[in-house]
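Here's the structure, in structure tokens; my notes come after.
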Amino acid sequence: MSEEKELISQLNSDKRSVKIQAIVKLTRAGKSEQAIRALLPFLSCDDRELSFFANQAAGKIAERIKIDLKQLSGREPVVSTIDEASTEQTTMAPSRETFLNARKDQAEELLDLIRNSPEKIPDEAMPAVGAFLSRHGGISDAGFIERQLLKDNSNLALPFINAAESIAPAILPRVLPNLLASNEPLVRSRSVSALRKIDPDEAERHFSDLLSSRNPENRLAAIGIGFLFPFDRVKGYILSMLPDEKDQEVLTACQTVLASNPDVDTALSILDCIDAVATAQKPMLTLIFRTECQALAATGLLPPEQATPDAMIKLWKQQRLQSFLFDLEIQLSFADDQKKASIICWIEKNRQHTKVQELIERLGKNPQTEDVFRQLNRHLSIESVTPPSGLPDPVKSSKVTTTADNETAAAPSALSEKPLEDSRQRSYDPGIIQKLRSLEIEGFGQNKAWIMKEALSGEPTIRAEALNALLRIHPDGKLIDLAKEAFNCESIEVRTSAFKILERLDPDYLKDKISLLLQETDPNLRIRAVRFGIKYKQDESIEALKRLLKSEEQSVRSNAISCLAICPFNATFKLLMDQLDREDHPVIAKQIASILLSNPSKALLKALDNITKTANPAVSMVISQTRNDLFDLVAQLPEVSEPEPQPAAPEEEKPYSVSKVREIARRSKDWKPGYKADKDGKGDGKSSQVNWQMLISGSVLLIFLGLLPIMLLSDRGQTDIPPGKTSQEWRTGERGNPTRVAIPDKFRMNRPCSLSGTIEKLVSDESLVMVHENQKIMIKFEFAASKEYNVGDKINVTIIPYRVNPHGIILSRGQEISAADGDKQQPVDTPTEGENK
């Protein structure tokens with residue numbers, strides 16, 4: 001499907017911002033009568049925004065293809081050319097059409113009207129004035145543009161934002177706060193784009209804020225401007241979204257962005273997600289993974305045989321399995337029921353693998369995952385059901401199970417009728433451990449004697465399991481003496497089991513030992529001591545937590561945060577904020593966020609705004625989401641007079657900072673917590689479904705992205721490949737002949753490059769054809785870049801090439817242009833090499 005057809009299809013979307021985006025993009029992408037006919041229903045509709053943008057787009061398309069728009073809209077016969085004499089305006093009535101269709105010889109008269117008699121311009125014509133000033137205005141119009149942007153931040157402000165960037169960039173710091181506070185996703189994303197040229201760091205914070213919105217329409221708008229930021233950062237944001245994202249359109253958008261910049265790490269990171277999400281999300285993540293594999297092969301980054309899903313899974317086992325299993329332990333400590341069930345299912349399927357068995361053992365020692373450990377052992381004999389992900393499991397038991405693993409798995413899972421013999425009289429049998437773990441009350445009576453004996457003096461591992469079994473099945477007073485005896489054992493496992501018994505049955509015994517327990521070298525036992533000690537020695541316990549929070553082990557930090565959750569908030573506020581500022585694991589950051597959201601206050605919101613140190617995009621997303629949710633909570637709280645935790649005094653805030661903009665949004669008469677716009681632009685609307693691939697194709701970046709599935713990932717292959725040649729043969733031939741249908745080596749697909757050349761043809765005010773080293777390049781700018789140049793002029797440009805047409809001309813998007821001698825220049829911010837286009 002061509003870009004134009006995709007945008008036309010998008011006009012049927014129920015989501016208003018998507019519809020407006022499609023119309024705006026048709027202004028430059030529309031090239032046929034079909035596009036105009038698709039716009040006709042919007043030309044005279046009651047919605048001012050839709051009507052304005054539709055008239056602007058239809059007029060441009062009609063001018064481009066030389067069709068009389070009035071005849072077409074009246075269903076009269078269409079002629080192929082326009083009789084300019086008959087259509088020339090004879091009056092200068094200041095209507096919308098006056099400014100949209102103004103000729104160059106009318107510009108001075110209209111500029112005089114704008115500058116000296118703006119009150120004569122009706123309100124409905126103002127957006128057209130913005131479009132007019134983008135083409136013909138000057139710095140003297142800055143004041144007029146600024147006034148318009150300060151009083152209107154609806155979609156009708158978009159033409160004035162373009163005008164401000166083109167002719168009056170100095171006013172942007174003053175108008176951006178109002179624009180960034182808009183309820184319109186397109187205005188917010190366009191404002192972030194403008195802010196990036198002033199303050200890239202703050203722009204990224206707004207980008208993260210938009211991307212973490214609860215409203216999927218905001219997330220889609222943010223993805224549409226992702227190319228403005230370094231791709232490694234954008235990739236981090238998107239990968240952090242995948243495990244929790246449920247909106248299919250947003251997931252499709254993420255897929256397209258990731259596939260447009262494929263790399264092995266992305267494919268492996270998606271594999272990390274697939275088996276740690278709810279079952280309903282697996283099919284879409286599987287599709288994203290397979291698409292990434294196809295892109296790796298299609299772009300030549302990997303040989304086809306190394307880019308298959310099976311080959312990538314094999315690589316994942318070699319490089320990522322261990323880290324994945326450690327991450328599962330963290331996720332299980334803070335997962336909802338669906339996600340937890342999915343992870344447990346995966347562990348059940350792959351438990352014969354040695355490393356998975358090690359994970360299960362860690363789950364039993366971790367205070368936060370003991371329930372999962374018991375569940376895994378209780379149902380050991382039940383075969384798990386394969387989740388319907390359609391993807392081969394990253395660990396296949398049939399292929400990775402060792403002989404030792406088989407022996408372990410073969411141990412019976414239920415107690416026999418005959419009591420077991422003393423473990424000291426036989427070689428160590430792992431089956432005994434499993435039987436103790438799966439022991440139920442029905443089988444306890446006939447095995448009580450040997451279990452009590454093992455609990456008193458058995459081999460440490462079996463002794464610990466015997467104590468655990470007794471606590472679980474028969475927790476009576478007789479256990480206290482066994483536990484006190486075991487508490488002095490050198491084995492950490494035995495002492496931990498004894499601690500659990502005493503904590504439950506005789507806590508007074510532990511009170512006098514708290515200080516000693518808080519110095520334990522084993523982090524899991526120390527965590528248990530902290531949980532217990534908080535009730536009796538709070539300050540000393542919190543000091544112990546500070547040391548645990550510095551651990552490099554993620555599970556230790558996660559457990560420490562879970563302990564802070566049961567401490568008084570005013571005693572742990574600063575500790576939580578400092579940890580959030582340096583935390584690099586998103587799940588642990590979510591644990592902290594849950595504590596913060598349980599204690600909402602304005603001071604806390606202010607402190608959260610000052611967290612800027614984190615370098616991990618996934619953690620940045622958590623912080624942005626927490627800010628958004630906390631802001632909604634605080635807005636609904638009654639005024640309180642009691643003192644709240646005070647953060648350190650921050651530096652003077654920028655007027656367009658996230659916190660300043662949020663306050664502007666709160667004061668807006670249209671704002672309310674959890675705001676969602678309906679199709680008329682008002683509040684209380686419900687999220688609507690949208691075909692996001694249409695939106696992607698409409699943005700500047702995602703023209704390429706929209707074409708990518710066709711160019712790279714479709715089974716049909718490249719449409720420009722001549723019959724009888726494979727895609728690889730054709731690409732090889734193109735390297736030697738750059739006039740063929742491919743991007744030459746020096747022009748990297750979807751990456752910026754700077755070069756010099758001579759203008760061969762001026763196509764329009766925004767487009768030109770340049771010759772560089774005998775290679776023709778068609779350049780399309782987003783501003784009137786070519787109107788001050790002539791055929792034959794030598795120029796310097798910065799462009800982003802995205803494909804080559806069948807005639808061998810490189811098609812590109814222009815970013816900067818200047819005369820070769822430096823006398824003329826239209827500056828436009830240029831992304832660095834490492835950024836996502």
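By order of appearance in the structure tokens: chains A, B, ..., then residues from 1 within every chain, and ligands from 1 in the order shown.
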Discussion item. Need to verify the contact set: Lys235 in chain A, 8 Å, only C-alpha atoms, exclusion of same-chain residues closer than 3 positions in sequence. Can you return it as a ChimeraX atom specification?
Written reply: /A:231-232,238-239,258,266
Fill in: Nearby residues (only C-alpha atoms) at most 7 Å from Val192 in chain A, same-chain spacing under 4 positions excluded, as JSON, numbers by chain
{"A": [188, 196, 203, 206, 207]}
Could you dump the residues just selected with N, CA, C and O atoms as an mmCIF file, in the first residue's frame?
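As a result, part_12.cif now contains:
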data_model
loop_
_atom_site.group_PDB
_atom_site.id
_atom_site.type_symbol
_atom_site.label_atom_id
_atom_site.label_comp_id
_atom_site.auth_asym_id
_atom_site.auth_seq_id
_atom_site.Cartn_x
_atom_site.Cartn_y
_atom_site.Cartn_z
ATOM 1 N N ARG A 188 1.488 18.511 21.560
ATOM 2 C CA ARG A 188 2.534 18.182 22.530
ATOM 3 C C ARG A 188 3.763 17.584 21.834
ATOM 4 O O ARG A 188 4.897 17.981 22.115
ATOM 5 N N ARG A 196 13.464 20.405 21.519
ATOM 6 C CA ARG A 196 14.728 19.684 21.388
ATOM 7 C C ARG A 196 15.829 20.572 20.815
ATOM 8 O O ARG A 196 17.013 20.377 21.110
ATOM 9 N N ALA A 203 13.787 18.167 26.600
ATOM 10 C CA ALA A 203 12.906 17.616 25.566
ATOM 11 C C ALA A 203 12.747 16.115 25.741
ATOM 12 O O ALA A 203 11.653 15.570 25.579
ATOM 13 N N HIS A 206 10.267 15.378 28.442
ATOM 14 C CA HIS A 206 8.891 15.521 27.961
ATOM 15 C C HIS A 206 8.515 14.354 27.050
ATOM 16 O O HIS A 206 7.375 13.878 27.067
ATOM 17 N N PHE A 207 9.473 13.903 26.257
ATOM 18 C CA PHE A 207 9.235 12.746 25.395
ATOM 19 C C PHE A 207 8.911 11.511 26.237
ATOM 20 O O PHE A 207 7.948 10.785 25.969
#
Worksheet entry | Polymer residues at most 9 Å from range 112-127 of chain A, only C-alpha atoms, same-chain spacing of 6 or more positions, as an NGL selection string | :A and (48-49 or 52-53 or 94-99 or 140-141 or 144 or 148 or 156-160)
Quick one: write out the picked residues with C-alpha atoms as a PDB file, in the first residue's frame?
ATOM      1  CA  ARG A  48     -12.870  23.816  12.751  1.00  0.00           C
ATOM      2  CA  GLU A  49      -9.640  21.862  12.985  1.00  0.00           C
ATOM      3  CA  PHE A  52      -9.031  23.895   8.148  1.00  0.00           C
ATOM      4  CA  PHE A  53      -6.500  21.133   7.629  1.00  0.00           C
ATOM      5  CA  PRO A  94      -9.399  38.187   4.406  1.00  0.00           C
ATOM      6  CA  SER A  95     -10.837  34.687   4.386  1.00  0.00           C
ATOM      7  CA  ARG A  96      -9.196  31.350   5.031  1.00  0.00           C
ATOM      8  CA  GLU A  97      -8.826  30.738   1.299  1.00  0.00           C
ATOM      9  CA  THR A  98      -7.219  34.174   0.862  1.00  0.00           C
ATOM     10  CA  PHE A  99      -4.212  33.112   2.921  1.00  0.00           C
ATOM     11  CA  SER A 140       8.788  41.465  12.298  1.00  0.00           C
ATOM     12  CA  ASP A 141       5.850  39.055  12.618  1.00  0.00           C
ATOM     13  CA  PHE A 144       1.867  38.416  16.243  1.00  0.00           C
ATOM     14  CA  GLN A 148      -1.463  33.556  18.853  1.00  0.00           C
ATOM     15  CA  LEU A 156      -5.005  24.996  15.134  1.00  0.00           C
ATOM     16  CA  ALA A 157      -1.777  26.236  16.720  1.00  0.00           C
ATOM     17  CA  LEU A 158       0.279  23.810  14.598  1.00  0.00           C
ATOM     18  CA  PRO A 159       0.712  26.249  11.650  1.00  0.00           C
ATOM     19  CA  PHE A 160       1.916  28.949  14.052  1.00  0.00           C
TER      20      PHE A 160
END
Item to complete: Grab the CA of Val622 in chain A to CA of Glu552 in chain A distance for me, in Å with one decimal place.
Response: 20.5 Å
Fill in: Pick from A:Ile270, A:Leu176, A:Val187, A:Val530, whichever lies nearest to Ser154 in chain A using only C-alpha atoms
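Closest to Ser154 in chain A of all the choices is A:Val187.
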Tyr509 in chain A environment, 12 Å, only C-alpha atoms, sequence neighbours closer than 3 positions dropped, as a PDB file with C-alpha atoms, in the first residue's frame:
ATOM      1  CA  ILE A 480      10.891 -24.316  69.497  1.00  0.00           C
ATOM      2  CA  ASP A 481      13.615 -26.394  71.160  1.00  0.00           C
ATOM      3  CA  ALA A 483      14.839 -24.385  66.345  1.00  0.00           C
ATOM      4  CA  LYS A 484      16.917 -23.010  69.237  1.00  0.00           C
ATOM      5  CA  PHE A 487      19.914 -21.540  65.483  1.00  0.00           C
ATOM      6  CA  ALA A 498      15.425 -21.972  62.599  1.00  0.00           C
ATOM      7  CA  PHE A 499      14.859 -18.224  62.365  1.00  0.00           C
ATOM      8  CA  ILE A 501      10.342 -21.127  63.232  1.00  0.00           C
ATOM      9  CA  LEU A 502      11.326 -18.809  66.100  1.00  0.00           C
ATOM     10  CA  GLU A 503       9.913 -15.733  64.371  1.00  0.00           C
ATOM     11  CA  ARG A 504       6.556 -17.474  64.241  1.00  0.00           C
ATOM     12  CA  LEU A 505       6.494 -19.476  67.485  1.00  0.00           C
ATOM     13  CA  ASP A 506       8.828 -17.669  69.903  1.00  0.00           C
ATOM     14  CA  ASP A 512      17.612  -9.798  72.209  1.00  0.00           C
ATOM     15  CA  LYS A 513      19.495 -11.062  69.177  1.00  0.00           C
ATOM     16  CA  ILE A 514      18.329  -8.425  66.674  1.00  0.00           C
ATOM     17  CA  PHE A 532      11.596  -8.700  62.195  1.00  0.00           C
TER      18      PHE A 532
END
Practice prompt. Grab the CA of Leu604 in chain A to CA of Asp209 in chain A distance for me, in Å with one decimal place.
Written response: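 It comes out at 17.3 Å.
Going from CA of Ala163 in chain A over to CA of Gly130 in chain A, you cover 6.2 Å.
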Practice prompt. Please provide the set of residues having any atom within 6 Å of range 57-60 of chain A, restricted to only C-alpha atoms, with same-chain residues fewer than 3 positions apart removed, written as a ChimeraX atom specification.
Written response: /A:27,36,54,63
Practice prompt. Would you kindly return, as a VMD selection string, each protein, DNA or RNA residue with an atom no farther than 12 Å from any atom of Met778 in chain A, considering only C-alpha atoms and excluding same-chain residues fewer than 4 positions away?
Written response: chain A and resid 757 to 764 766 to 772 797 799 to 805 807 to 814
Worksheet item: In terms of the shortest atom-to-atom distance over only C-alpha atoms, which of A:Met312, A:Cys345, A:Ala565, A:Leu325 is closest to Thr279 in chain A?
Response: A:Cys345
Item to complete: Within 8 Å of Tyr656 in chain A, counting only C-alpha atoms, which residues show up once you throw out same-chain ones fewer than 2 positions away? Write them as a list in words, please.
Response: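 Near neighbours after the sequence-gap exclusion: Pro173, Leu176, Pro177, Leu180, Lys654, Val658, Lys660 and Val661 of chain A.
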Can I get the selected residues back with N, CA and C atoms, as a PDB file, in the first residue's frame?
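out_35.pdb written:
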ATOM      1  N   PRO A 173      11.051  29.722  23.621  1.00  0.00           N
ATOM      2  CA  PRO A 173      11.081  29.492  25.077  1.00  0.00           C
ATOM      3  C   PRO A 173       9.892  30.098  25.810  1.00  0.00           C
ATOM      4  N   LEU A 176       6.499  27.775  24.451  1.00  0.00           N
ATOM      5  CA  LEU A 176       6.477  26.321  24.577  1.00  0.00           C
ATOM      6  C   LEU A 176       5.795  25.819  25.854  1.00  0.00           C
ATOM      7  N   PRO A 177       5.934  26.499  27.011  1.00  0.00           N
ATOM      8  CA  PRO A 177       5.225  25.988  28.191  1.00  0.00           C
ATOM      9  C   PRO A 177       3.729  25.818  27.958  1.00  0.00           C
ATOM     10  N   LEU A 180       3.261  22.814  25.431  1.00  0.00           N
ATOM     11  CA  LEU A 180       3.544  21.510  26.015  1.00  0.00           C
ATOM     12  C   LEU A 180       2.452  21.075  26.983  1.00  0.00           C
ATOM     13  N   LYS A 654      13.342  25.751  34.791  1.00  0.00           N
ATOM     14  CA  LYS A 654      13.127  26.331  33.474  1.00  0.00           C
ATOM     15  C   LYS A 654      11.627  26.492  33.244  1.00  0.00           C
ATOM     16  N   VAL A 658       9.150  19.935  33.036  1.00  0.00           N
ATOM     17  CA  VAL A 658       7.995  19.043  33.151  1.00  0.00           C
ATOM     18  C   VAL A 658       7.057  19.495  34.263  1.00  0.00           C
ATOM     19  N   LYS A 660       6.707  22.577  35.634  1.00  0.00           N
ATOM     20  CA  LYS A 660       6.049  23.838  35.298  1.00  0.00           C
ATOM     21  C   LYS A 660       4.925  23.624  34.296  1.00  0.00           C
ATOM     22  N   VAL A 661       5.197  22.815  33.283  1.00  0.00           N
ATOM     23  CA  VAL A 661       4.183  22.547  32.263  1.00  0.00           C
ATOM     24  C   VAL A 661       2.995  21.803  32.867  1.00  0.00           C
TER      25      VAL A 661
END
Worksheet item: Residues of range 459-515 of chain A in alpha helix (DSSP H) according to DSSP, as a ChimeraX atom specification?
Response: /A:460-473,478-487,492-505,507-511,514-515
Would you write out those residues with N, CA and C atoms, as a CSV table (one decimal), in the first residue's frame?
chain,number,residue,atom,x,y,z
A,460,PRO,N,23.2,-30.9,56.8
A,460,PRO,CA,22.6,-29.5,56.8
A,460,PRO,C,21.5,-29.2,55.8
A,461,THR,N,21.7,-29.6,54.6
A,461,THR,CA,20.7,-29.3,53.6
A,461,THR,C,19.4,-30.1,53.9
A,462,ILE,N,19.5,-31.4,54.3
A,462,ILE,CA,18.3,-32.1,54.7
A,462,ILE,C,17.7,-31.6,56.0
A,463,ARG,N,18.6,-31.2,56.9
A,463,ARG,CA,18.1,-30.7,58.2
A,463,ARG,C,17.2,-29.5,58.0
A,464,ALA,N,17.7,-28.6,57.2
A,464,ALA,CA,17.0,-27.4,56.9
A,464,ALA,C,15.6,-27.7,56.3
A,465,GLU,N,15.6,-28.6,55.3
A,465,GLU,CA,14.3,-28.9,54.7
A,465,GLU,C,13.4,-29.6,55.7
A,466,ALA,N,13.9,-30.4,56.6
A,466,ALA,CA,13.1,-31.1,57.6
A,466,ALA,C,12.5,-30.0,58.5
A,467,LEU,N,13.2,-29.0,58.9
A,467,LEU,CA,12.7,-28.0,59.8
A,467,LEU,C,11.6,-27.2,59.0
A,468,ASN,N,11.8,-26.9,57.7
A,468,ASN,CA,10.8,-26.2,56.9
A,468,ASN,C,9.6,-27.0,56.8
A,469,ALA,N,9.7,-28.3,56.6
A,469,ALA,CA,8.5,-29.2,56.5
A,469,ALA,C,7.7,-29.2,57.8
A,470,LEU,N,8.4,-29.3,58.9
A,470,LEU,CA,7.7,-29.3,60.2
A,470,LEU,C,7.0,-28.0,60.5
A,471,LEU,N,7.6,-26.9,60.1
A,471,LEU,CA,6.9,-25.6,60.3
A,471,LEU,C,5.7,-25.5,59.4
A,472,ARG,N,5.8,-26.0,58.2
A,472,ARG,CA,4.7,-25.9,57.3
A,472,ARG,C,3.5,-26.8,57.7
A,473,ILE,N,3.8,-28.0,58.1
A,473,ILE,CA,2.8,-29.0,58.3
A,473,ILE,C,2.4,-29.2,59.8
A,478,LYS,N,6.7,-28.0,70.3
A,478,LYS,CA,7.9,-28.9,70.3
A,478,LYS,C,9.0,-28.4,69.4
A,479,LEU,N,8.6,-27.6,68.4
A,479,LEU,CA,9.6,-27.2,67.4
A,479,LEU,C,10.5,-26.1,67.9
A,480,ILE,N,10.1,-25.4,69.0
A,480,ILE,CA,10.9,-24.3,69.5
A,480,ILE,C,12.3,-24.8,70.0
A,481,ASP,N,12.3,-25.9,70.7
A,481,ASP,CA,13.6,-26.4,71.2
A,481,ASP,C,14.5,-26.8,70.0
A,482,LEU,N,13.9,-27.5,69.0
A,482,LEU,CA,14.6,-27.9,67.8
A,482,LEU,C,15.2,-26.7,67.1
A,483,ALA,N,14.4,-25.6,67.0
A,483,ALA,CA,14.8,-24.4,66.3
A,483,ALA,C,16.0,-23.7,67.1
A,484,LYS,N,15.9,-23.6,68.4
A,484,LYS,CA,16.9,-23.0,69.2
A,484,LYS,C,18.2,-23.7,69.1
A,485,GLU,N,18.1,-25.1,69.0
A,485,GLU,CA,19.3,-25.9,68.8
A,485,GLU,C,19.9,-25.6,67.4
A,486,ALA,N,19.0,-25.5,66.4
A,486,ALA,CA,19.5,-25.3,65.0
A,486,ALA,C,20.0,-23.9,64.8
A,487,PHE,N,19.5,-22.9,65.7
A,487,PHE,CA,19.9,-21.5,65.5
A,487,PHE,C,21.4,-21.3,65.7
A,492,ILE,N,24.1,-21.7,57.1
A,492,ILE,CA,23.2,-20.6,56.9
A,492,ILE,C,21.8,-21.2,56.6
A,493,GLU,N,21.7,-22.3,55.8
A,493,GLU,CA,20.4,-22.8,55.5
A,493,GLU,C,19.7,-23.3,56.8
A,494,VAL,N,20.4,-23.9,57.7
A,494,VAL,CA,19.8,-24.4,58.9
A,494,VAL,C,19.4,-23.2,59.8
A,495,ARG,N,20.2,-22.2,59.9
A,495,ARG,CA,19.9,-21.1,60.8
A,495,ARG,C,18.7,-20.3,60.2
A,496,THR,N,18.6,-20.2,58.9
A,496,THR,CA,17.5,-19.5,58.3
A,496,THR,C,16.2,-20.2,58.6
A,497,SER,N,16.2,-21.6,58.5
A,497,SER,CA,15.0,-22.3,58.8
A,497,SER,C,14.7,-22.2,60.3
A,498,ALA,N,15.7,-22.2,61.2
A,498,ALA,CA,15.4,-22.0,62.6
A,498,ALA,C,14.8,-20.6,62.9
A,499,PHE,N,15.4,-19.6,62.2
A,499,PHE,CA,14.9,-18.2,62.4
A,499,PHE,C,13.4,-18.2,62.0
A,500,LYS,N,13.0,-18.8,60.9
A,500,LYS,CA,11.6,-18.7,60.5
A,500,LYS,C,10.7,-19.4,61.6
A,501,ILE,N,11.1,-20.5,62.2
A,501,ILE,CA,10.3,-21.1,63.2
A,501,ILE,C,10.2,-20.2,64.5
A,502,LEU,N,11.3,-19.6,64.9
A,502,LEU,CA,11.3,-18.8,66.1
A,502,LEU,C,10.6,-17.5,65.9
A,503,GLU,N,10.7,-17.0,64.7
A,503,GLU,CA,9.9,-15.7,64.4
A,503,GLU,C,8.4,-16.0,64.5
A,504,ARG,N,8.0,-17.2,64.2
A,504,ARG,CA,6.6,-17.5,64.2
A,504,ARG,C,6.1,-18.0,65.6
A,505,LEU,N,6.9,-18.8,66.3
A,505,LEU,CA,6.5,-19.5,67.5
A,505,LEU,C,7.1,-18.9,68.8
A,507,PRO,N,8.9,-15.3,69.1
A,507,PRO,CA,9.6,-14.1,68.7
A,507,PRO,C,10.4,-13.4,69.9
A,508,ASP,N,10.0,-13.7,71.1
A,508,ASP,CA,10.7,-13.0,72.2
A,508,ASP,C,12.1,-13.5,72.3
A,509,TYR,N,12.4,-14.8,71.8
A,509,TYR,CA,13.7,-15.3,71.9
A,509,TYR,C,14.7,-14.5,70.9
A,510,LEU,N,14.1,-14.0,69.8
A,510,LEU,CA,14.9,-13.3,68.8
A,510,LEU,C,15.1,-11.8,69.1
A,511,LYS,N,14.3,-11.2,70.0
A,511,LYS,CA,14.3,-9.8,70.3
A,511,LYS,C,15.7,-9.4,70.7
A,514,ILE,N,18.5,-9.2,67.9
A,514,ILE,CA,18.3,-8.4,66.7
A,514,ILE,C,19.6,-7.8,66.2
A,515,SER,N,20.3,-7.1,67.1
A,515,SER,CA,21.6,-6.4,66.7
A,515,SER,C,22.6,-7.3,66.0
